[in-house]
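*Asks:* Sending over structure-v4.txt (compact mmCIF, C-alpha atoms).
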```
# COMPACT_ATOMS: atom_id res chain seq x y z
CA MET A 1 -26.49 -25.09 67.23
CA ARG A 2 -23.81 -22.89 65.66
CA GLU A 3 -21.28 -23.85 68.36
CA ASP A 4 -22.05 -27.52 67.78
CA PHE A 5 -21.46 -27.18 64.10
CA ARG A 6 -18.13 -25.39 64.62
CA GLU A 7 -17.03 -28.00 67.11
CA GLN A 8 -18.01 -30.74 64.75
CA LEU A 9 -15.87 -29.21 62.00
CA ARG A 10 -12.87 -29.02 64.33
CA THR A 11 -13.14 -32.61 65.43
CA THR A 12 -13.72 -34.04 62.00
CA ASP A 13 -11.02 -31.98 60.21
CA PRO A 14 -8.53 -34.56 58.80
CA MET A 15 -5.72 -31.97 58.75
CA THR A 16 -5.90 -31.26 62.47
CA HIS A 17 -3.47 -34.01 63.35
CA ASP A 18 -1.43 -33.88 60.13
CA PRO A 19 2.23 -33.36 61.02
CA GLY A 20 2.91 -31.39 57.80
CA LEU A 21 6.01 -31.54 55.61
CA SER A 22 9.36 -32.27 57.15
CA GLU A 23 12.19 -29.77 56.77
CA MET A 24 13.81 -32.02 54.18
CA GLU A 25 10.61 -32.16 52.12
CA VAL A 26 10.22 -28.38 52.31
CA GLU A 27 13.79 -27.90 51.10
CA VAL A 28 13.31 -30.31 48.18
CA MET A 29 10.14 -28.53 47.13
CA ARG A 30 11.80 -25.11 47.36
CA ARG A 31 14.72 -26.23 45.20
CA ALA A 32 12.39 -27.73 42.62
CA ILE A 33 10.50 -24.43 42.36
CA VAL A 34 13.69 -22.33 42.12
CA THR A 35 15.14 -24.63 39.45
CA ALA A 36 11.95 -24.53 37.38
CA ALA A 37 11.80 -20.73 37.61
CA THR A 38 15.44 -20.37 36.50
CA HIS A 39 14.91 -22.62 33.47
CA THR A 40 11.85 -20.66 32.44
CA ARG A 41 13.77 -17.39 32.57
CA HIS A 42 16.53 -18.73 30.30
CA ALA A 43 14.13 -20.34 27.86
CA GLY A 44 12.88 -17.04 26.42
CA TRP A 45 12.48 -16.47 22.67
CA PRO A 46 15.57 -15.43 20.79
CA ALA A 47 15.57 -11.89 19.44
CA GLY A 48 15.08 -13.10 15.85
CA ALA A 49 11.91 -14.99 16.68
CA ALA A 50 10.51 -12.01 18.54
CA ALA A 51 11.29 -9.71 15.60
CA LEU A 52 9.64 -12.17 13.22
CA THR A 53 6.53 -12.26 15.39
CA ILE A 54 6.34 -8.48 15.46
CA ALA A 55 6.85 -8.30 11.68
CA LEU A 56 4.09 -10.89 11.17
CA ALA A 57 1.72 -8.95 13.40
CA LEU A 58 2.46 -5.68 11.58
CA THR A 59 1.96 -7.40 8.23
CA LEU A 60 -1.45 -8.69 9.32
CA VAL A 61 -2.47 -5.25 10.55
CA LEU A 62 -1.34 -3.59 7.30
CA GLY A 63 -3.12 -6.22 5.21
CA ALA A 64 -6.30 -5.77 7.23
CA PHE A 65 -6.10 -2.01 6.79
CA ILE A 66 -5.68 -2.10 3.01
CA SER A 67 -8.34 -4.77 2.66
CA SER A 68 -10.82 -2.86 4.79
CA LEU A 69 -10.60 0.16 2.51
CA PHE A 70 -12.12 -1.81 -0.33
CA ASP A 71 -14.56 -3.88 1.70
CA PRO A 72 -18.25 -3.09 1.39
CA VAL A 73 -19.45 -0.62 3.97
CA SER A 74 -21.07 -2.42 6.89
CA GLU A 75 -24.54 -1.50 8.04
CA GLN A 76 -23.28 -0.10 11.31
CA SER A 77 -20.81 2.30 9.75
CA ALA A 78 -21.87 5.78 8.84
CA PRO A 79 -22.34 6.34 5.12
CA LEU A 80 -20.03 8.72 3.31
CA GLU A 81 -21.40 12.19 3.40
CA ALA A 82 -22.21 13.92 0.14
CA ASN A 83 -19.13 15.02 -1.76
CA GLU A 84 -16.83 13.30 0.73
CA GLN A 85 -13.50 12.03 -0.57
CA HIS A 86 -10.84 9.86 0.94
CA GLN A 87 -7.38 9.76 -0.52
CA LEU A 88 -5.09 6.82 -0.04
CA GLN A 89 -1.45 6.59 -1.05
CA PHE A 90 0.55 3.41 -0.77
CA GLU A 91 3.31 1.54 -2.52
CA THR A 92 2.99 -2.03 -3.71
CA PRO A 93 5.72 -4.56 -2.92
CA GLY A 94 6.75 -4.29 -6.58
CA GLY A 95 7.52 -0.61 -6.04
CA THR A 96 4.54 0.90 -7.86
CA ARG A 97 3.18 3.97 -6.14
CA VAL A 98 -0.62 4.08 -5.99
CA VAL A 99 -2.70 7.18 -5.36
CA TRP A 100 -6.37 6.35 -4.95
CA VAL A 101 -9.36 8.60 -4.31
CA LEU A 102 -12.58 7.13 -2.91
CA ASN A 103 -15.23 9.56 -3.99
CA SER A 104 -18.89 9.19 -3.06
CA GLN A 105 -19.81 11.45 -6.00
CA PHE A 106 -17.75 9.64 -8.59
CA ASP A 107 -19.73 8.76 -11.67
CA LEU A 108 -18.93 7.46 -15.12
CA PRO A 109 -21.08 7.64 -18.20
CA LYS A 110 -22.69 4.45 -19.39
CA ASP A 111 -20.54 2.17 -21.43
CA ARG A 112 -21.94 2.03 -24.96
CA GLN A 113 -19.31 -0.31 -26.23
CA PRO A 114 -20.43 -3.88 -26.97
CA MET B 1 -9.88 -14.04 3.64
CA ARG B 2 -8.68 -11.14 1.55
CA THR B 3 -6.91 -9.78 4.63
CA MET B 4 -4.94 -13.00 4.93
CA GLN B 5 -4.12 -12.96 1.22
CA ILE B 6 -2.83 -9.40 1.37
CA ALA B 7 -0.92 -10.12 4.55
CA GLY B 8 0.61 -13.15 2.89
CA ILE B 9 1.66 -11.11 -0.10
CA LEU B 10 3.22 -8.44 2.09
CA LEU B 11 4.99 -11.04 4.20
CA GLY B 12 6.27 -12.92 1.18
CA LEU B 13 7.55 -9.77 -0.36
CA GLY B 14 9.25 -8.68 2.83
CA THR B 15 10.94 -12.06 3.07
CA SER B 16 12.08 -12.03 -0.54
CA ALA B 17 13.28 -8.44 -0.14
CA GLY B 18 15.37 -9.59 2.79
CA VAL B 19 16.87 -12.40 0.71
CA VAL B 20 17.65 -10.05 -2.14
CA GLN B 21 19.21 -7.60 0.29
CA ALA B 22 21.37 -10.34 1.77
CA GLN B 23 22.51 -11.45 -1.67
CA THR B 24 23.25 -7.97 -2.92
CA SER B 25 25.07 -7.03 0.27
CA THR B 26 27.69 -9.68 -0.41
CA ALA B 27 27.73 -9.76 -4.19
CA GLY B 28 27.62 -6.00 -4.54
CA PHE B 29 30.37 -5.31 -2.02
CA ALA B 30 33.15 -5.48 -4.57
CA ALA B 31 31.28 -3.37 -7.08
CA ARG B 32 30.53 -0.70 -4.52
CA ALA B 33 34.08 0.59 -4.53
CA ASN B 34 33.81 1.32 -8.24
CA GLN B 35 30.44 2.99 -7.79
CA GLU B 36 31.70 5.26 -5.06
CA SER B 37 34.47 6.54 -7.25
CA ARG B 38 32.03 7.94 -9.78
CA VAL B 39 28.99 10.07 -8.95
CA GLU B 40 25.77 8.62 -10.31
CA GLN B 41 24.06 10.97 -12.71
CA PRO B 42 20.32 11.31 -12.03
CA LYS B 43 18.05 10.53 -14.94
CA ARG B 44 16.43 13.49 -16.62
CA VAL B 45 12.81 13.48 -17.72
CA GLN B 46 12.05 13.61 -21.41
CA GLY B 47 8.28 13.53 -21.18
CA PHE B 48 5.27 11.85 -19.68
CA SER B 49 3.18 8.98 -20.93
CA LEU B 50 -0.43 8.91 -19.77
CA LEU B 51 -2.69 5.92 -20.06
CA LEU B 52 -6.36 6.35 -19.21
CA LEU B 53 -7.96 3.07 -18.17
CA LEU B 54 -11.35 1.83 -17.13
CA GLY B 55 -11.12 -0.68 -14.32
CA GLU B 56 -13.97 -3.14 -13.90
CA THR B 57 -14.70 -5.76 -11.27
CA GLN B 58 -16.43 -7.95 -13.84
CA GLY B 59 -14.57 -9.86 -16.49
CA ILE B 60 -10.97 -10.79 -16.88
CA GLY B 61 -8.48 -9.17 -19.16
CA GLN B 62 -5.43 -7.04 -19.32
CA PRO B 63 -5.02 -4.50 -22.10
CA GLU B 64 -2.70 -5.40 -24.91
CA ASN B 65 -0.27 -3.13 -26.69
CA ILE B 66 0.69 -1.15 -23.63
CA SER B 67 4.20 -0.24 -22.57
CA ALA B 68 6.27 -2.49 -20.35
CA PRO B 69 6.20 -0.05 -17.39
CA ALA B 70 2.41 0.18 -17.65
CA ARG B 71 2.11 -3.60 -17.79
CA LYS B 72 4.30 -3.95 -14.72
CA ALA B 73 2.26 -1.35 -12.84
CA LEU B 74 -0.98 -3.20 -13.63
CA ALA B 75 0.58 -6.46 -12.48
CA ASP B 76 1.69 -4.79 -9.26
CA ILE B 77 -1.75 -3.43 -8.36
CA LYS B 78 -3.59 -6.62 -9.30
CA ASP B 79 -3.65 -7.90 -5.73
CA PHE B 80 -4.40 -4.56 -4.10
CA LEU B 81 -7.35 -3.29 -6.10
CA PRO B 82 -10.61 -5.19 -6.66
CA TYR B 83 -10.64 -4.64 -10.42
CA LYS B 84 -10.17 -7.72 -12.58
CA ALA B 85 -10.22 -6.15 -16.01
CA TYR B 86 -8.71 -2.97 -17.38
CA ARG B 87 -9.59 -1.38 -20.70
CA VAL B 88 -7.58 1.34 -22.38
CA LEU B 89 -9.69 4.41 -23.04
CA ASP B 90 -6.99 6.72 -24.31
CA THR B 91 -3.27 7.32 -24.32
CA GLN B 92 -1.33 10.53 -24.46
CA TRP B 93 2.28 11.58 -24.65
CA VAL B 94 3.33 15.01 -23.48
CA ALA B 95 6.77 16.54 -23.53
CA GLY B 96 7.90 17.59 -20.12
CA SER B 97 10.79 18.23 -17.84
CA ASP B 98 11.87 17.69 -14.25
CA ASN B 99 10.44 21.03 -13.32
CA GLY B 100 7.61 22.44 -15.38
CA ASN B 101 4.01 22.30 -16.56
CA SER B 102 2.31 20.07 -19.10
CA SER B 103 -1.28 19.79 -20.14
CA GLY B 104 -3.46 17.98 -22.61
CA SER B 105 -6.70 16.12 -23.02
CA LEU B 106 -7.89 12.54 -22.82
CA ARG B 107 -11.02 10.91 -24.10
CA GLY B 108 -13.01 8.70 -21.77
CA LEU B 109 -16.13 6.61 -21.90
CA ASP B 110 -18.86 7.80 -24.24
CA ASP B 111 -16.43 10.36 -25.70
CA GLN B 112 -16.31 12.21 -22.42
CA ASN B 113 -13.57 14.78 -22.51
CA TYR B 114 -10.97 15.11 -19.78
CA GLN B 115 -8.39 17.87 -19.48
CA PHE B 116 -5.30 17.20 -17.46
CA GLN B 117 -2.65 19.44 -15.99
CA LEU B 118 0.64 18.09 -14.78
CA ARG B 119 3.08 20.13 -12.71
CA THR B 120 6.45 18.67 -11.88
CA PHE B 121 8.87 19.73 -9.20
CA SER B 122 12.48 19.08 -8.38
CA PRO B 123 13.91 19.65 -4.89
CA ASN B 124 15.60 22.84 -6.05
CA ALA B 125 14.21 24.62 -9.08
CA GLY B 126 17.38 26.65 -9.49
CA ALA B 127 19.76 23.71 -9.29
CA LYS B 128 22.16 22.92 -12.11
CA PRO B 129 20.58 20.50 -14.62
CA GLY B 130 21.87 16.98 -14.20
CA THR B 131 22.41 17.28 -10.47
CA PRO B 132 20.28 15.38 -7.94
CA ASP B 133 18.67 18.60 -6.75
CA ALA B 134 17.38 19.27 -10.27
CA ALA B 135 15.88 15.79 -10.75
CA LEU B 136 12.15 15.13 -10.77
CA ALA B 137 10.90 14.43 -7.25
CA ARG B 138 7.23 15.36 -7.03
CA ALA B 139 4.25 15.95 -9.27
CA GLN B 140 0.78 17.40 -9.07
CA PHE B 141 -1.78 15.83 -11.38
CA ARG B 142 -5.18 17.32 -12.02
CA LEU B 143 -7.87 15.74 -14.17
CA VAL B 144 -11.05 17.65 -14.99
CA SER B 145 -14.00 16.26 -16.86
CA SER B 146 -16.19 18.47 -18.94
CA ARG B 147 -19.51 17.71 -20.56
CA PRO B 148 -21.93 19.96 -22.38
CA ALA B 149 -25.04 20.90 -20.43
CA GLY B 150 -27.20 22.97 -22.68
CA GLU B 151 -25.39 26.15 -23.56
CA LYS B 152 -22.94 25.74 -20.70
CA VAL B 153 -20.28 23.15 -19.96
CA ASP B 154 -20.27 21.31 -16.66
CA THR B 155 -16.79 20.75 -15.30
CA THR B 156 -15.92 18.37 -12.50
CA ILE B 157 -12.57 17.83 -10.85
CA VAL B 158 -12.03 14.09 -11.04
CA LEU B 159 -8.50 13.94 -9.68
CA ASP B 160 -6.29 16.49 -8.00
CA ASN B 161 -3.38 14.82 -6.29
CA SER B 162 0.23 15.41 -5.35
CA PHE B 163 2.70 12.57 -5.02
CA ASN B 164 6.34 11.65 -5.20
CA ILE B 165 7.66 10.46 -8.54
CA ALA B 166 11.06 9.94 -10.13
CA ALA B 167 12.26 9.69 -13.69
CA GLY B 168 11.45 6.26 -15.08
CA GLU B 169 8.73 5.60 -12.52
CA THR B 170 5.08 4.77 -13.21
CA VAL B 171 2.50 6.03 -10.72
CA VAL B 172 -1.05 4.73 -10.62
CA VAL B 173 -3.62 7.44 -9.94
CA GLY B 174 -7.24 6.34 -9.74
CA THR B 175 -10.66 7.04 -8.36
CA SER B 176 -13.81 5.09 -7.64
CA ARG B 177 -16.75 4.89 -5.30
CA VAL B 178 -16.31 2.86 -2.14
CA GLN B 179 -18.47 0.03 -3.46
CA GLY B 180 -18.10 0.97 -7.09
CA ASP B 181 -17.65 -1.71 -9.69
CA ARG B 182 -15.87 0.67 -12.08
CA ALA B 183 -12.89 2.92 -11.64
CA LEU B 184 -11.05 5.51 -13.67
CA VAL B 185 -7.32 4.87 -13.60
CA VAL B 186 -4.44 6.92 -14.97
CA LEU B 187 -1.01 5.37 -15.35
CA LEU B 188 1.49 8.20 -15.38
CA THR B 189 4.99 7.30 -16.48
CA ALA B 190 7.84 9.78 -16.24
CA VAL B 191 9.91 8.73 -19.23
CA ALA B 192 13.61 9.30 -18.72
CA ALA B 193 15.73 10.79 -21.46
CA GLY B 194 17.75 8.33 -23.47
CA LYS B 195 15.17 5.57 -23.17
```
If you convert what's in this file into structure tokens, what do you get?
*Replies:*
Amino acid sequence: MREDFREQLRTTDPMTHDPGLSEMEVEVMRRAIVTAATHTRHAGWPAGAAALTIALALTLVLGAFISSLFDPVSEQSAPLEANEQHQLQFETPGGTRVVWVLNSQFDLPKDRQP
Amino acid sequence: MRTMQIAGILLGLGTSAGVVQAQTSTAGFAARANQESRVEQPKRVQGFSLLLLLGETQGIGQPENISAPARKALADIKDFLPYKAYRVLDTQWVAGSDNGNSSGSLRGLDDQNYQFQLRTFSPNAGAKPGTPDAALARAQFRLVSSRPAGEKVDTTIVLDNSFNIAAGETVVVGTSRVQGDRALVVLLTAVAAGK
């Protein structure tokens, strides 16, 4: 039964009698592939575009970092331990230096002003 | 969303900084020869202006009757801190120098009393006055709150930070809880002599 099935596959295979590509066709295909590969290699990004992409990525990372410091604490993250402080120093684009302390114990008296 | 806003601000500023640099590199080329011939004298510190502020996430409003450097500092931090309104609690002027100690007190919310100590440092304490090595470069600021508790007085260190600072510069020093809707902010301006 298995031999019959194998034999049947051999006899019905449409590629059995296919002559394949001629030498000319093989050469044309090879040249097309080589030409396409060469063009791809020369079509890389210029250095300026690459630098801009890197700068953009760094900007996004920096923005995400600063933003995350003031985002509400997610439920998965561990709460600040008692008396824990985090200090952050950064400079705004305008040149103002900022020193900020996130303090879990920080407390202000109630505001009695109207 | 806030991440994108901050990233946009940083990117825009980097781009504009590049434009300014390009402009100054050409326009300032001729003037540079004159600048090189004379040594720039570093600014000397005359004193320090302290502005104690309450930052709040609710409401909108910037304090009036504050100095131009303080106003610029508040405008600069607007996009980086979540506080929309700032209220002046107290102001203080202390005489100081590039290298020395100053102290005083500030009054906060509900007449809470704060004592501050400010130590300033130059790169070389023994340098000749007026030279770059004698100019203000770093400061240590300490703010302590005190409130009566029966017969005793409870003291709490609110701020104790070291940072770089130069004459004429305003540094924002503040503290808050992580999710706090109020913050205590000190704007410290090193006022240069001759201003």
*Asks:* In Å, with one decimal, what is the gap from CA of Leu159 in chain B to CA of Leu143 in chain B?
*Replies:*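 If I compute the distance from CA of Leu159 in chain B to CA of Leu143 in chain B, I get 4.9 Å.
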*Asks:* Considering only C-alpha atoms, extract the chain A residues located within 6 Å of chain B and return them as a list in words.
*Replies:*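 Contact residues on the first chain: Thr59, Leu60, Gly63, Ala64, Ser67, Pro72, Gly94, Thr96, Arg97, Val98, Val99, Trp100, Val101, Leu102, Asn103, Ser104 and Phe106 of chain A.
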*Asks:* Between CA of Leu89 in chain B and CA of Gln117 in chain B, what is the distance in Å, rounded to a tenth?
*Replies:*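 Separating CA of Leu89 in chain B from CA of Gln117 in chain B is a distance of 18.0 Å.
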*Asks:* Report the distance between CA of Thr91 in chain B and CA of Pro148 in chain B in Å, rounded to one decimal place.
*Replies:*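 For CA of Thr91 in chain B relative to CA of Pro148 in chain B, the distance reads 22.6 Å.
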*Asks:* Pick out the closest residue to Asp107 in chain A from this set: B:Gln46, B:Ser102, B:Thr57, B:Ser145. Count only C-alpha atoms.
*Replies:* B:Ser145
*Asks:* Around (9.4, 2.6, -18.5) in the file's frame, which residues reach within 12 Å when counting all atoms listed in the file? Return as a PDB file with C-alpha atoms, in the coordinates of the input?
*Replies:*
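As a result, out-v2.pdb now contains:
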```
ATOM      1  CA  THR A  96       4.540   0.900  -7.860  1.00  0.00           C
TER       2      THR A  96
ATOM      3  CA  VAL B  45      12.810  13.480 -17.720  1.00  0.00           C
ATOM      4  CA  GLN B  46      12.050  13.610 -21.410  1.00  0.00           C
ATOM      5  CA  GLY B  47       8.280  13.530 -21.180  1.00  0.00           C
ATOM      6  CA  PHE B  48       5.270  11.850 -19.680  1.00  0.00           C
ATOM      7  CA  SER B  49       3.180   8.980 -20.930  1.00  0.00           C
ATOM      8  CA  LEU B  50      -0.430   8.910 -19.770  1.00  0.00           C
ATOM      9  CA  ILE B  66       0.690  -1.150 -23.630  1.00  0.00           C
ATOM     10  CA  SER B  67       4.200  -0.240 -22.570  1.00  0.00           C
ATOM     11  CA  ALA B  68       6.270  -2.490 -20.350  1.00  0.00           C
ATOM     12  CA  PRO B  69       6.200  -0.050 -17.390  1.00  0.00           C
ATOM     13  CA  ALA B  70       2.410   0.180 -17.650  1.00  0.00           C
ATOM     14  CA  ARG B  71       2.110  -3.600 -17.790  1.00  0.00           C
ATOM     15  CA  LYS B  72       4.300  -3.950 -14.720  1.00  0.00           C
ATOM     16  CA  ALA B  73       2.260  -1.350 -12.840  1.00  0.00           C
ATOM     17  CA  ALA B 166      11.060   9.940 -10.130  1.00  0.00           C
ATOM     18  CA  ALA B 167      12.260   9.690 -13.690  1.00  0.00           C
ATOM     19  CA  GLY B 168      11.450   6.260 -15.080  1.00  0.00           C
ATOM     20  CA  GLU B 169       8.730   5.600 -12.520  1.00  0.00           C
ATOM     21  CA  THR B 170       5.080   4.770 -13.210  1.00  0.00           C
ATOM     22  CA  VAL B 171       2.500   6.030 -10.720  1.00  0.00           C
ATOM     23  CA  LEU B 187      -1.010   5.370 -15.350  1.00  0.00           C
ATOM     24  CA  LEU B 188       1.490   8.200 -15.380  1.00  0.00           C
ATOM     25  CA  THR B 189       4.990   7.300 -16.480  1.00  0.00           C
ATOM     26  CA  ALA B 190       7.840   9.780 -16.240  1.00  0.00           C
ATOM     27  CA  VAL B 191       9.910   8.730 -19.230  1.00  0.00           C
ATOM     28  CA  ALA B 192      13.610   9.300 -18.720  1.00  0.00           C
ATOM     29  CA  ALA B 193      15.730  10.790 -21.460  1.00  0.00           C
ATOM     30  CA  GLY B 194      17.750   8.330 -23.470  1.00  0.00           C
ATOM     31  CA  LYS B 195      15.170   5.570 -23.170  1.00  0.00           C
TER      32      LYS B 195
END
```
